[in-house]
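Asker: Sharing work.tsv, TSV, C-alpha atoms:
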```tsv
chain	number	residue	atom	x	y	z
V	1	ARG	CA	-36.49	7.00	-23.22
V	2	ALA	CA	-35.16	4.99	-20.30
V	3	PRO	CA	-34.69	1.29	-21.05
V	4	THR	CA	-37.28	-1.01	-19.55
V	5	SER	CA	-37.20	-4.49	-18.13
V	6	THR	CA	-40.14	-6.83	-17.59
V	7	THR	CA	-40.60	-7.88	-13.96
V	8	ALA	CA	-43.65	-9.84	-12.78
V	9	GLY	CA	-45.44	-9.08	-16.02
V	10	ARG	CA	-44.98	-5.33	-15.94
V	11	GLY	CA	-42.48	-2.89	-17.41
V	12	VAL	CA	-40.13	-1.07	-15.03
V	13	THR	CA	-37.70	1.72	-15.73
V	14	GLN	CA	-34.99	0.49	-13.38
V	15	CYS	CA	-33.21	-2.86	-13.31
V	16	PRO	CA	-33.50	-4.98	-10.15
V	17	GLN	CA	-30.48	-4.37	-7.94
V	18	PRO	CA	-27.70	-6.98	-8.12
V	19	PHE	CA	-27.66	-7.38	-4.32
V	20	LEU	CA	-30.31	-7.68	-1.64
V	21	TYR	CA	-29.85	-7.18	2.09
V	22	ASN	CA	-30.38	-10.32	4.18
V	23	PRO	CA	-31.55	-9.22	7.65
V	24	ILE	CA	-30.80	-12.66	9.09
V	25	THR	CA	-27.14	-12.86	8.06
V	26	PHE	CA	-26.64	-9.05	8.08
V	27	GLN	CA	-25.03	-9.31	4.63
V	28	LEU	CA	-25.65	-8.24	1.06
V	29	GLU	CA	-26.37	-11.29	-1.07
V	30	HIS	CA	-26.57	-11.79	-4.82
V	31	ASN	CA	-30.05	-11.17	-6.20
V	32	PRO	CA	-31.00	-14.08	-8.50
V	33	GLY	CA	-33.56	-11.84	-10.18
V	34	ALA	CA	-31.13	-9.09	-11.00
V	35	SER	CA	-30.67	-7.73	-14.47
V	36	THR	CA	-28.27	-5.16	-15.84
V	37	ARG	CA	-28.18	-2.50	-18.48
V	38	THR	CA	-25.79	-2.43	-21.43
V	39	GLY	CA	-26.29	0.83	-23.26
V	40	PRO	CA	-30.03	1.01	-24.12
V	41	SER	CA	-30.55	-2.73	-23.64
V	42	VAL	CA	-31.50	-4.65	-20.51
V	43	VAL	CA	-29.80	-8.02	-20.13
V	44	LYS	CA	-29.90	-10.79	-17.56
V	45	LYS	CA	-26.14	-10.61	-17.07
V	46	CYS	CA	-23.23	-8.61	-18.39
V	47	PRO	CA	-21.01	-9.91	-21.19
V	48	HIS	CA	-18.09	-11.83	-19.69
V	49	ASN	CA	-15.57	-9.12	-20.56
V	50	PHE	CA	-17.58	-6.31	-18.91
V	51	VAL	CA	-17.87	-5.29	-15.27
V	52	VAL	CA	-21.06	-4.79	-13.24
V	53	ASP	CA	-21.36	-1.33	-11.68
V	54	GLN	CA	-24.60	-1.37	-9.67
V	55	SER	CA	-27.13	-2.16	-12.42
V	56	SER	CA	-24.98	-1.23	-15.42
V	57	CYS	CA	-22.39	-3.05	-17.51
V	58	VAL	CA	-19.20	-0.99	-17.87
V	59	ARG	CA	-15.81	-1.44	-19.47
V	60	ALA	CA	-13.96	-0.08	-16.44
V	61	CYS	CA	-14.83	0.95	-12.90
V	62	PRO	CA	-15.08	4.67	-12.10
V	63	SER	CA	-12.15	6.28	-10.31
V	64	ASN	CA	-13.68	5.92	-6.83
V	65	LYS	CA	-14.33	2.19	-7.18
V	66	MET	CA	-12.24	-0.93	-7.62
V	67	GLU	CA	-12.85	-4.14	-9.57
V	68	VAL	CA	-13.35	-7.37	-7.65
V	69	GLU	CA	-14.67	-10.81	-8.54
V	70	GLN	CA	-17.35	-12.53	-6.47
V	71	ASN	CA	-19.03	-15.79	-7.50
V	72	ARG	CA	-17.41	-15.46	-10.94
V	73	ILE	CA	-19.01	-12.05	-11.43
V	74	LYS	CA	-16.72	-9.07	-11.96
V	75	MET	CA	-18.08	-5.98	-10.28
V	76	CYS	CA	-17.20	-2.49	-9.06
V	77	ILE	CA	-17.26	-1.79	-5.34
V	78	PRO	CA	-16.51	1.53	-3.62
V	79	CYS	CA	-12.99	1.96	-2.31
V	80	THR	CA	-12.93	2.37	1.46
V	81	ASP	CA	-9.92	4.67	1.15
V	82	ILE	CA	-7.58	5.16	-1.80
V	83	CYS	CA	-8.32	2.74	-4.62
V	84	PRO	CA	-5.63	0.06	-5.05
V	85	LYS	CA	-2.97	0.92	-7.59
V	86	ALA	CA	0.03	-1.31	-8.33
V	87	CYS	CA	3.23	0.40	-9.52
V	88	ASP	CA	6.58	-0.82	-10.75
V	89	GLY	CA	9.44	-0.72	-8.28
V	90	ILE	CA	13.05	0.27	-8.87
V	91	GLY	CA	14.68	-2.10	-11.36
V	92	THR	CA	11.33	-3.53	-12.48
V	93	ALA	CA	9.45	-3.23	-15.82
V	94	SER	CA	9.05	0.47	-16.66
V	95	LEU	CA	11.77	1.33	-14.08
V	96	GLN	CA	14.07	-1.52	-15.05
V	97	THR	CA	17.06	0.76	-15.71
V	98	ALA	CA	16.56	2.87	-12.57
V	99	GLN	CA	18.93	2.34	-9.65
V	100	THR	CA	17.24	4.61	-7.10
V	101	VAL	CA	14.18	6.71	-6.45
V	102	ASP	CA	15.03	10.17	-7.78
V	103	SER	CA	13.51	13.39	-9.12
V	104	SER	CA	13.08	11.87	-12.58
V	105	ASN	CA	10.86	8.97	-11.45
V	106	ILE	CA	9.25	10.04	-8.16
V	107	ASP	CA	6.01	11.09	-9.86
V	108	THR	CA	5.42	7.55	-11.11
V	109	PHE	CA	4.62	6.58	-7.50
V	110	VAL	CA	1.68	8.96	-7.05
V	111	ASN	CA	-1.33	7.14	-5.48
V	112	CYS	CA	0.46	3.77	-5.50
V	113	THR	CA	-0.76	1.34	-2.85
V	114	LYS	CA	1.39	-1.62	-3.93
V	115	ILE	CA	4.97	-1.61	-5.23
V	116	ASN	CA	5.73	-4.58	-7.48
V	117	GLY	CA	9.43	-4.85	-6.75
V	118	ASN	CA	11.72	-2.77	-4.60
V	119	LEU	CA	12.21	0.75	-3.30
V	120	VAL	CA	15.82	1.95	-3.16
V	121	PHE	CA	17.11	5.28	-1.86
V	122	LEU	CA	20.73	6.11	-2.73
V	123	ILE	CA	22.68	9.35	-2.46
V	124	THR	CA	22.48	9.88	-6.24
V	125	GLY	CA	18.70	9.96	-5.92
V	126	ILE	CA	18.41	12.11	-2.80
V	127	LYS	CA	21.26	14.57	-3.52
V	128	GLY	CA	21.08	14.41	-7.31
V	129	ASP	CA	23.29	12.96	-10.04
V	130	VAL	CA	25.30	15.54	-11.96
V	131	TYR	CA	26.65	12.97	-14.42
V	132	HIS	CA	23.15	11.93	-15.50
V	133	LYS	CA	21.78	15.49	-15.11
V	134	ILE	CA	19.28	14.49	-12.43
V	135	GLU	CA	18.41	17.19	-9.92
V	136	ALA	CA	18.25	16.69	-6.16
V	137	LEU	CA	14.98	15.27	-4.91
V	138	ASP	CA	12.55	17.66	-3.21
V	139	PRO	CA	11.96	16.02	0.23
V	140	GLU	CA	8.28	16.98	0.09
V	141	LYS	CA	7.87	14.67	-2.89
V	142	LEU	CA	8.60	11.67	-0.67
V	143	ASN	CA	5.09	12.07	0.74
V	144	VAL	CA	3.82	10.17	-2.30
V	145	PHE	CA	4.78	7.00	-0.42
V	146	ARG	CA	2.17	7.62	2.29
V	147	THR	CA	-0.33	5.63	0.21
V	148	VAL	CA	1.92	2.56	-0.09
V	149	ARG	CA	0.69	-0.47	1.86
V	150	GLU	CA	2.81	-3.23	0.33
V	151	ILE	CA	6.28	-3.61	-1.15
V	152	THR	CA	6.65	-7.04	-2.73
V	153	GLY	CA	10.45	-6.92	-2.76
V	154	PHE	CA	12.77	-5.02	-0.39
V	155	LEU	CA	13.08	-1.54	1.13
V	156	ASN	CA	16.65	-0.24	0.92
V	157	ILE	CA	17.45	3.11	2.56
V	158	GLN	CA	21.09	4.17	2.22
V	159	SER	CA	20.36	7.88	1.84
V	160	TRP	CA	17.66	10.15	3.24
V	161	PRO	CA	17.02	13.93	3.30
V	162	ASP	CA	18.94	15.71	6.06
V	163	ASN	CA	15.82	17.49	7.37
V	164	MET	CA	13.73	14.30	7.73
V	165	THR	CA	14.25	12.57	11.08
V	166	ASP	CA	12.06	9.50	10.48
V	167	LEU	CA	10.53	7.24	7.85
V	168	SER	CA	6.95	8.35	8.50
V	169	VAL	CA	6.26	8.63	4.77
V	170	PHE	CA	5.93	4.84	5.07
V	171	SER	CA	3.52	5.06	8.01
V	172	ASN	CA	0.88	3.09	6.08
V	173	LEU	CA	3.23	0.32	4.92
V	174	VAL	CA	1.83	-3.00	6.17
V	175	THR	CA	3.86	-5.66	4.34
V	176	ILE	CA	7.38	-6.07	3.00
V	177	GLY	CA	7.18	-9.20	0.88
V	178	GLY	CA	10.84	-10.06	0.36
V	179	ARG	CA	10.18	-11.77	-3.00
V	180	ALA	CA	13.43	-10.14	-4.09
V	181	LEU	CA	16.23	-9.53	-1.59
V	182	TYR	CA	19.25	-7.26	-1.33
V	183	SER	CA	22.08	-9.57	-0.21
V	184	GLY	CA	19.50	-11.55	1.74
V	185	ILE	CA	17.95	-8.39	3.24
V	186	SER	CA	14.37	-7.16	2.87
V	187	LEU	CA	14.65	-4.10	5.15
V	188	LEU	CA	17.87	-2.08	5.22
V	189	VAL	CA	18.45	1.24	6.98
V	190	LEU	CA	22.17	2.03	6.87
V	191	LYS	CA	24.34	4.99	7.94
V	192	GLN	CA	21.56	7.58	8.26
V	193	GLN	CA	22.80	10.11	10.80
V	194	GLY	CA	19.61	12.21	10.79
V	195	ILE	CA	17.02	9.50	11.50
V	196	SER	CA	15.99	9.28	15.16
V	197	SER	CA	12.97	6.96	14.81
V	198	LEU	CA	11.64	4.60	12.15
V	199	GLN	CA	7.90	5.36	12.59
V	200	LEU	CA	6.80	2.35	10.53
V	201	GLN	CA	3.67	2.23	12.65
V	202	SER	CA	1.58	0.03	10.32
V	203	LEU	CA	4.26	-2.55	9.53
V	204	ASP	CA	2.75	-5.93	10.38
V	205	GLU	CA	4.72	-8.43	8.32
V	206	ILE	CA	8.14	-8.97	6.78
V	207	SER	CA	7.37	-12.10	4.80
V	208	ALA	CA	10.92	-13.13	3.89
V	209	GLY	CA	14.48	-11.89	4.17
V	210	ASN	CA	16.47	-10.36	6.98
V	211	VAL	CA	16.46	-6.96	8.68
V	212	HIS	CA	19.67	-4.92	8.82
V	213	ILE	CA	19.65	-1.64	10.72
V	214	ALA	CA	23.12	-0.32	11.46
V	215	GLU	CA	25.36	2.73	11.82
V	216	ASN	CA	22.48	5.16	12.47
V	217	SER	CA	24.00	7.31	15.21
V	218	ARG	CA	20.78	9.04	16.34
V	219	LEU	CA	18.33	6.16	15.92
V	220	CYS	CA	16.31	5.08	18.99
V	221	TYR	CA	13.40	2.71	19.67
V	222	TYR	CA	14.88	0.01	17.40
V	223	ASP	CA	15.83	-2.12	20.43
V	224	THR	CA	12.24	-2.21	21.72
V	225	VAL	CA	10.77	-3.79	18.57
V	226	ASN	CA	9.95	-7.50	18.70
V	227	TRP	CA	11.29	-8.13	15.20
V	228	THR	CA	10.57	-11.86	15.21
V	229	SER	CA	6.85	-11.11	15.60
V	230	LEU	CA	6.99	-9.57	12.12
V	231	PHE	CA	8.72	-12.53	10.51
V	232	ARG	CA	6.92	-15.36	8.70
V	233	ALA	CA	9.79	-17.77	8.05
V	234	PRO	CA	11.92	-19.55	10.69
V	235	ASN	CA	15.21	-18.66	8.97
V	236	GLN	CA	14.69	-14.88	9.10
V	237	LYS	CA	17.13	-12.87	11.21
V	238	PHE	CA	17.72	-9.30	12.29
V	239	LEU	CA	21.08	-7.54	12.62
V	240	ILE	CA	20.87	-4.36	14.68
V	241	ARG	CA	24.19	-2.72	15.55
V	242	ASN	CA	26.00	0.57	16.15
V	243	ASN	CA	22.91	2.74	16.47
V	244	ARG	CA	22.33	5.14	19.37
V	245	SER	CA	22.73	3.29	22.65
V	246	PRO	CA	19.53	2.42	24.56
V	247	HIS	CA	21.02	4.18	27.59
V	248	GLU	CA	21.41	7.43	25.64
V	249	CYS	CA	17.89	7.09	24.27
V	250	THR	CA	16.44	6.62	27.76
V	251	LYS	CA	18.47	9.54	29.05
V	252	HIS	CA	16.87	11.80	26.42
V	253	ARG	CA	13.41	10.31	27.08
V	254	MET	CA	13.22	8.67	23.69
V	255	VAL	CA	11.29	5.67	25.00
V	256	CYS	CA	7.99	3.95	24.26
V	257	ASP	CA	4.76	5.42	25.53
V	258	PRO	CA	3.43	3.69	28.69
V	259	LEU	CA	0.32	2.66	26.73
V	260	CYS	CA	2.46	0.44	24.47
V	261	SER	CA	2.75	-3.25	25.26
V	262	ASP	CA	6.07	-5.01	25.74
V	263	ALA	CA	6.15	-5.68	21.99
V	264	GLY	CA	7.81	-2.27	21.58
V	265	CYS	CA	7.28	0.81	19.45
V	266	TRP	CA	8.46	2.62	16.33
V	267	GLY	CA	8.75	6.04	17.94
V	268	SER	CA	7.36	8.44	20.53
V	269	GLY	CA	3.64	8.57	21.31
V	270	PRO	CA	0.72	6.16	21.73
V	271	ASP	CA	0.23	5.88	17.96
V	272	GLN	CA	3.65	4.26	17.45
V	273	CYS	CA	3.06	1.07	19.46
V	274	LEU	CA	3.35	-2.35	17.84
V	275	THR	CA	0.50	-3.45	20.09
V	276	CYS	CA	-1.37	-1.80	22.94
V	277	ARG	CA	-1.17	-2.54	26.65
V	278	PHE	CA	-4.91	-1.90	27.10
V	279	PHE	CA	-7.10	-0.79	24.18
V	280	SER	CA	-6.70	0.76	20.74
V	281	ARG	CA	-8.80	3.44	19.11
V	282	GLY	CA	-7.91	3.32	15.46
V	283	ARG	CA	-4.12	3.19	15.48
V	284	THR	CA	-3.77	4.94	18.83
V	285	CYS	CA	-3.44	3.14	22.15
V	286	VAL	CA	-5.71	4.28	24.98
V	287	GLU	CA	-6.09	3.27	28.62
V	288	THR	CA	-9.88	3.01	28.51
V	289	CYS	CA	-12.68	3.44	26.00
V	290	ASN	CA	-14.55	6.67	26.72
V	291	LEU	CA	-18.22	5.75	27.10
V	292	TYR	CA	-19.25	9.40	27.15
V	293	GLU	CA	-17.80	9.85	23.67
V	294	GLY	CA	-19.81	6.91	22.34
V	295	VAL	CA	-16.93	4.43	22.33
V	296	ARG	CA	-17.12	0.88	23.55
V	297	PRO	CA	-14.64	-2.02	23.77
V	298	SER	CA	-14.76	-4.91	21.31
V	299	TRP	CA	-13.65	-8.48	21.90
V	300	ARG	CA	-10.25	-7.69	20.37
V	301	SER	CA	-9.47	-4.94	22.91
V	302	ALA	CA	-10.31	-2.27	20.36
V	303	CYS	CA	-12.71	0.61	20.96
V	304	PHE	CA	-15.54	1.14	18.53
V	305	GLY	CA	-18.27	3.77	18.33
V	306	PHE	CA	-21.91	3.04	19.11
V	307	GLY	CA	-23.42	6.53	19.38
V	308	ARG	CA	-22.88	9.15	22.05
V	309	ILE	CA	-24.51	8.66	25.42
V	310	THR	CA	-25.58	11.25	27.97
V	311	PRO	CA	-23.33	11.54	31.02
V	312	PRO	CA	-25.10	10.63	34.27
V	313	GLN	CA	-26.70	13.45	36.20
V	314	PRO	CA	-25.28	14.39	39.63
V	315	GLY	CA	-26.32	11.83	42.21
V	316	ALA	CA	-27.35	9.26	39.61
V	317	GLY	CA	-24.18	7.23	39.96
V	318	GLU	CA	-21.37	6.79	37.47
V	319	LEU	CA	-21.21	4.63	34.38
V	320	PRO	CA	-18.46	2.02	34.68
V	321	GLN	CA	-15.30	2.56	32.69
V	322	CYS	CA	-14.75	-0.17	30.12
V	323	HIS	CA	-12.16	-2.82	30.83
V	324	ARG	CA	-11.34	-6.05	29.04
V	325	THR	CA	-14.61	-7.74	28.25
V	326	THR	CA	-16.15	-10.74	26.57
V	327	LEU	CA	-17.65	-10.63	23.09
V	328	GLY	CA	-21.16	-10.98	24.51
V	329	SER	CA	-20.89	-8.07	26.90
V	330	ALA	CA	-19.10	-5.95	24.31
V	331	LEU	CA	-22.05	-6.36	21.97
V	332	GLY	CA	-24.55	-5.74	24.75
V	333	LEU	CA	-25.78	-9.34	24.81
```
Re-express the file's structure as structure tokens.
Answerer:
Amino acid sequence: RAPTSTTAGRGVTQCPQPFLYNPITFQLEHNPGASTRTGPSVVKKCPHNFVVDQSSCVRACPSNKMEVEQNRIKMCIPCTDICPKACDGIGTASLQTAQTVDSSNIDTFVNCTKINGNLVFLITGIKGDVYHKIEALDPEKLNVFRTVREITGFLNIQSWPDNMTDLSVFSNLVTIGGRALYSGISLLVLKQQGISSLQLQSLDEISAGNVHIAENSRLCYYDTVNWTSLFRAPNQKFLIRNNRSPHECTKHRMVCDPLCSDAGCWGSGPDQCLTCRFFSRGRTCVETCNLYEGVRPSWRSACFGFGRITPPQPGAGELPQCHRTTLGSALGL
């Protein structure tokens, strides 16, 4: 039989929900009358070492949810994308003896969103290490890093697969923490003759340490990036030298998309801009927000959906294209 709880003098078969919607603040708020279920028992609150999952007390959150703490209550909330997963970096904890990412440890990075430590790519990892009987790394396996959003230490790339012309496997990397540095450097891309663009399109912050990008004979776009906008400390520096000349890059049309702002870009196309000249839709820069597609500008020059609208009939006049707008007009106030 389903466990029961007494509410307003009567038995119910379902516990009151832990949160109630407040139509005034437009937020979910803690329900003071909530109760939870632990096995067959109904309790006012979960034991301190358990986690609340809706109206149940659980030892661990299910795979599609993550554990957070709000008002001293530990609870499970749905992950908006991939659930956070912290993994050891090269030279740290379980990978303390490792010197590079290689075929023997690449699978430990599956579904990682945060790297506690560093990521290092050396020729013995990419091409293989005969002495230690480590096979060459399958380039496809590098796609495991597409889930990584943060590296707490440094990113060191001194070897890369010959058939990969960019670093787009790190397209979701937002932060390089620089808590550990490689000779004072937190981002190093050195002597990679196959890389033509970095494509670090989500990179928003290099918290500490310097940037060193040198001797990459085919690399373009590097000179357009406003590196100081990524720095968080006044003593951070960038050393960019002996890459492909900006003149050669321009000659071969390897330049930023016109929709990018003067802050620069990581590669070709409107999805590689550091910031947009006009508006952004997701991570892509656009000239206007398309009202016919149900997209409207927000106060931060970003387009957001509000439901499709019907195009005007012939002779009824045209709807105005959206341009920069105030918060009030963006919200229809």
Asker: Measuring atom to atom with all atoms listed in the file, identify which of V:Val148, V:Val211, V:Ala93, V:Val52 is nearest to Cys112 (chain V).
Answerer: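 Among the listed residues, the smallest separation from Cys112 (chain V) belongs to V:Val148.
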Asker: Quick one: of V:Thr92, V:Thr100, V:Asn216, V:Ser207, who's nearest to Thr124 (chain V), counting all atoms listed in the file?
Answerer: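 Once distances to Thr124 (chain V) are computed over all atoms listed in the file, the minimum belongs to V:Thr100.
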Asker: Check the smallest atom-to-atom distance from each of V:Asp271, V:Glu287, V:Glu140, V:Glu150 to Gly89 (chain V) using only C-alpha atoms, then report the winner.
Answerer: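 Looking only at the distances to Gly89 (chain V), the closest residue turns out to be V:Glu150.
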Asker: How far is it from CA of Phe145 (chain V) to CA of Leu190 (chain V), in Å with one decimal?
Answerer: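 We find that CA of Phe145 (chain V) and CA of Leu190 (chain V) lie 19.5 Å from each other.
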Asker: Mind pulling up the distance from CA of Ala208 (chain V) to CA of Leu181 (chain V)?
Answerer: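 Separating CA of Leu181 (chain V) from CA of Ala208 (chain V) is a distance of 8.4 Å.
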Asker: Of the candidates V:Gly194, V:Gly153, V:Pro84, V:Pro139, which one gets nearest to Asn111 (chain V) if we count only C-alpha atoms?
Answerer: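 Residue with the minimum atom-to-atom distance to Asn111 (chain V): V:Pro84.
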Asker: Mind pulling up the distance from CA of Ser168 (chain V) to CA of Val110 (chain V)?
Answerer: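 Calculated distance between CA of Val110 (chain V) and CA of Ser168 (chain V) is 16.4 Å.
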Asker: My list of candidates is V:Gln201, V:Thr288, V:Ser245, V:Asn143. Which is closest to Asp107 (chain V) when distances are computed with only C-alpha atoms?
Answerer: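 Checking each candidate against Asp107 (chain V), we get V:Asn143 as the closest.
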Asker: Point out the residue among V:Thr147, V:Ser186, V:Ser217, V:Ser56 with the least atom-to-atom distance to Thr165 (chain V), counting all atoms listed in the file.
Answerer: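 Selected residue with least distance to Thr165 (chain V): V:Ser217.
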Asker: Can you pull out the residues contacting Leu198 (chain V)? Cut-off 6 Å, using only C-alpha atoms, and skip same-chain residues under 4 positions away; I want them as a list in words.
Answerer: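 That gives Asp166, Leu167 and Trp266 of chain V.
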Asker: Which polymer residues have any atom within 8 Å of an atom of Glu205 (chain V), counting only C-alpha atoms, with same-chain residues fewer than 5 positions away left out, as number ranges by chain?
Answerer: V: 174-177, 230-232
Asker: The selected residues should be written to file as a tab-separated table (two decimals), keeping the file's coordinate frame (atoms: C-alpha atoms).
Answerer:
```tsv
chain	number	residue	atom	x	y	z
V	174	VAL	CA	1.83	-3.00	6.17
V	175	THR	CA	3.86	-5.66	4.34
V	176	ILE	CA	7.38	-6.07	3.00
V	177	GLY	CA	7.18	-9.20	0.88
V	230	LEU	CA	6.99	-9.57	12.12
V	231	PHE	CA	8.72	-12.53	10.51
V	232	ARG	CA	6.92	-15.36	8.70
```
Asker: Can you complete the atoms of region 61-69 of chain V to all heavy atoms and list them as a compact mmCIF listing (two decimals), keeping the file's coordinate frame?
Answerer:
```
# COMPACT_ATOMS: atom_id res chain seq x y z
N CYS V 61 -14.23 0.34 -14.07
CA CYS V 61 -14.83 0.95 -12.90
C CYS V 61 -14.51 2.44 -12.84
O CYS V 61 -13.43 2.85 -13.29
CB CYS V 61 -14.32 0.27 -11.63
SG CYS V 61 -14.80 -1.47 -11.47
N PRO V 62 -15.40 3.25 -12.28
CA PRO V 62 -15.08 4.67 -12.10
C PRO V 62 -13.92 4.84 -11.12
O PRO V 62 -13.55 3.91 -10.40
CB PRO V 62 -16.38 5.25 -11.55
CG PRO V 62 -17.13 4.10 -11.00
CD PRO V 62 -16.75 2.91 -11.82
N SER V 63 -13.39 6.05 -11.05
CA SER V 63 -12.15 6.28 -10.31
C SER V 63 -12.29 6.03 -8.81
O SER V 63 -11.29 5.77 -8.13
CB SER V 63 -11.66 7.72 -10.55
OG SER V 63 -12.65 8.65 -10.12
N ASN V 64 -13.50 6.12 -8.27
CA ASN V 64 -13.68 5.92 -6.83
C ASN V 64 -14.08 4.50 -6.46
O ASN V 64 -14.49 4.23 -5.34
CB ASN V 64 -14.72 6.90 -6.29
CG ASN V 64 -16.10 6.67 -6.89
OD1 ASN V 64 -16.22 6.12 -7.99
ND2 ASN V 64 -17.13 7.11 -6.19
N LYS V 65 -13.99 3.58 -7.43
CA LYS V 65 -14.33 2.19 -7.18
C LYS V 65 -13.24 1.27 -7.68
O LYS V 65 -12.41 1.67 -8.51
CB LYS V 65 -15.66 1.82 -7.86
CG LYS V 65 -16.87 2.57 -7.33
CD LYS V 65 -18.15 2.11 -7.99
CE LYS V 65 -19.36 2.84 -7.43
NZ LYS V 65 -20.62 2.39 -8.05
N MET V 66 -13.23 0.04 -7.18
CA MET V 66 -12.24 -0.93 -7.62
C MET V 66 -12.94 -2.20 -8.11
O MET V 66 -14.07 -2.50 -7.70
CB MET V 66 -11.26 -1.28 -6.50
CG MET V 66 -11.89 -1.88 -5.27
SD MET V 66 -10.65 -2.19 -3.99
CE MET V 66 -11.69 -2.80 -2.66
N GLU V 67 -12.28 -2.92 -8.99
CA GLU V 67 -12.85 -4.14 -9.57
C GLU V 67 -12.51 -5.35 -8.71
O GLU V 67 -11.36 -5.58 -8.35
CB GLU V 67 -12.30 -4.34 -10.99
CG GLU V 67 -12.86 -5.55 -11.70
CD GLU V 67 -12.32 -5.71 -13.11
OE1 GLU V 67 -12.08 -4.67 -13.78
OE2 GLU V 67 -12.09 -6.86 -13.54
N VAL V 68 -13.53 -6.13 -8.38
CA VAL V 68 -13.35 -7.37 -7.65
C VAL V 68 -14.17 -8.45 -8.34
O VAL V 68 -15.02 -8.16 -9.18
CB VAL V 68 -13.79 -7.25 -6.17
CG1 VAL V 68 -12.98 -6.20 -5.43
CG2 VAL V 68 -15.28 -6.95 -6.08
N GLU V 69 -13.91 -9.70 -7.98
CA GLU V 69 -14.67 -10.81 -8.54
C GLU V 69 -15.29 -11.62 -7.42
O GLU V 69 -14.61 -12.06 -6.50
CB GLU V 69 -13.77 -11.71 -9.41
CG GLU V 69 -14.56 -12.81 -10.12
CD GLU V 69 -13.73 -13.55 -11.17
OE1 GLU V 69 -12.80 -12.93 -11.73
OE2 GLU V 69 -14.03 -14.72 -11.43
```
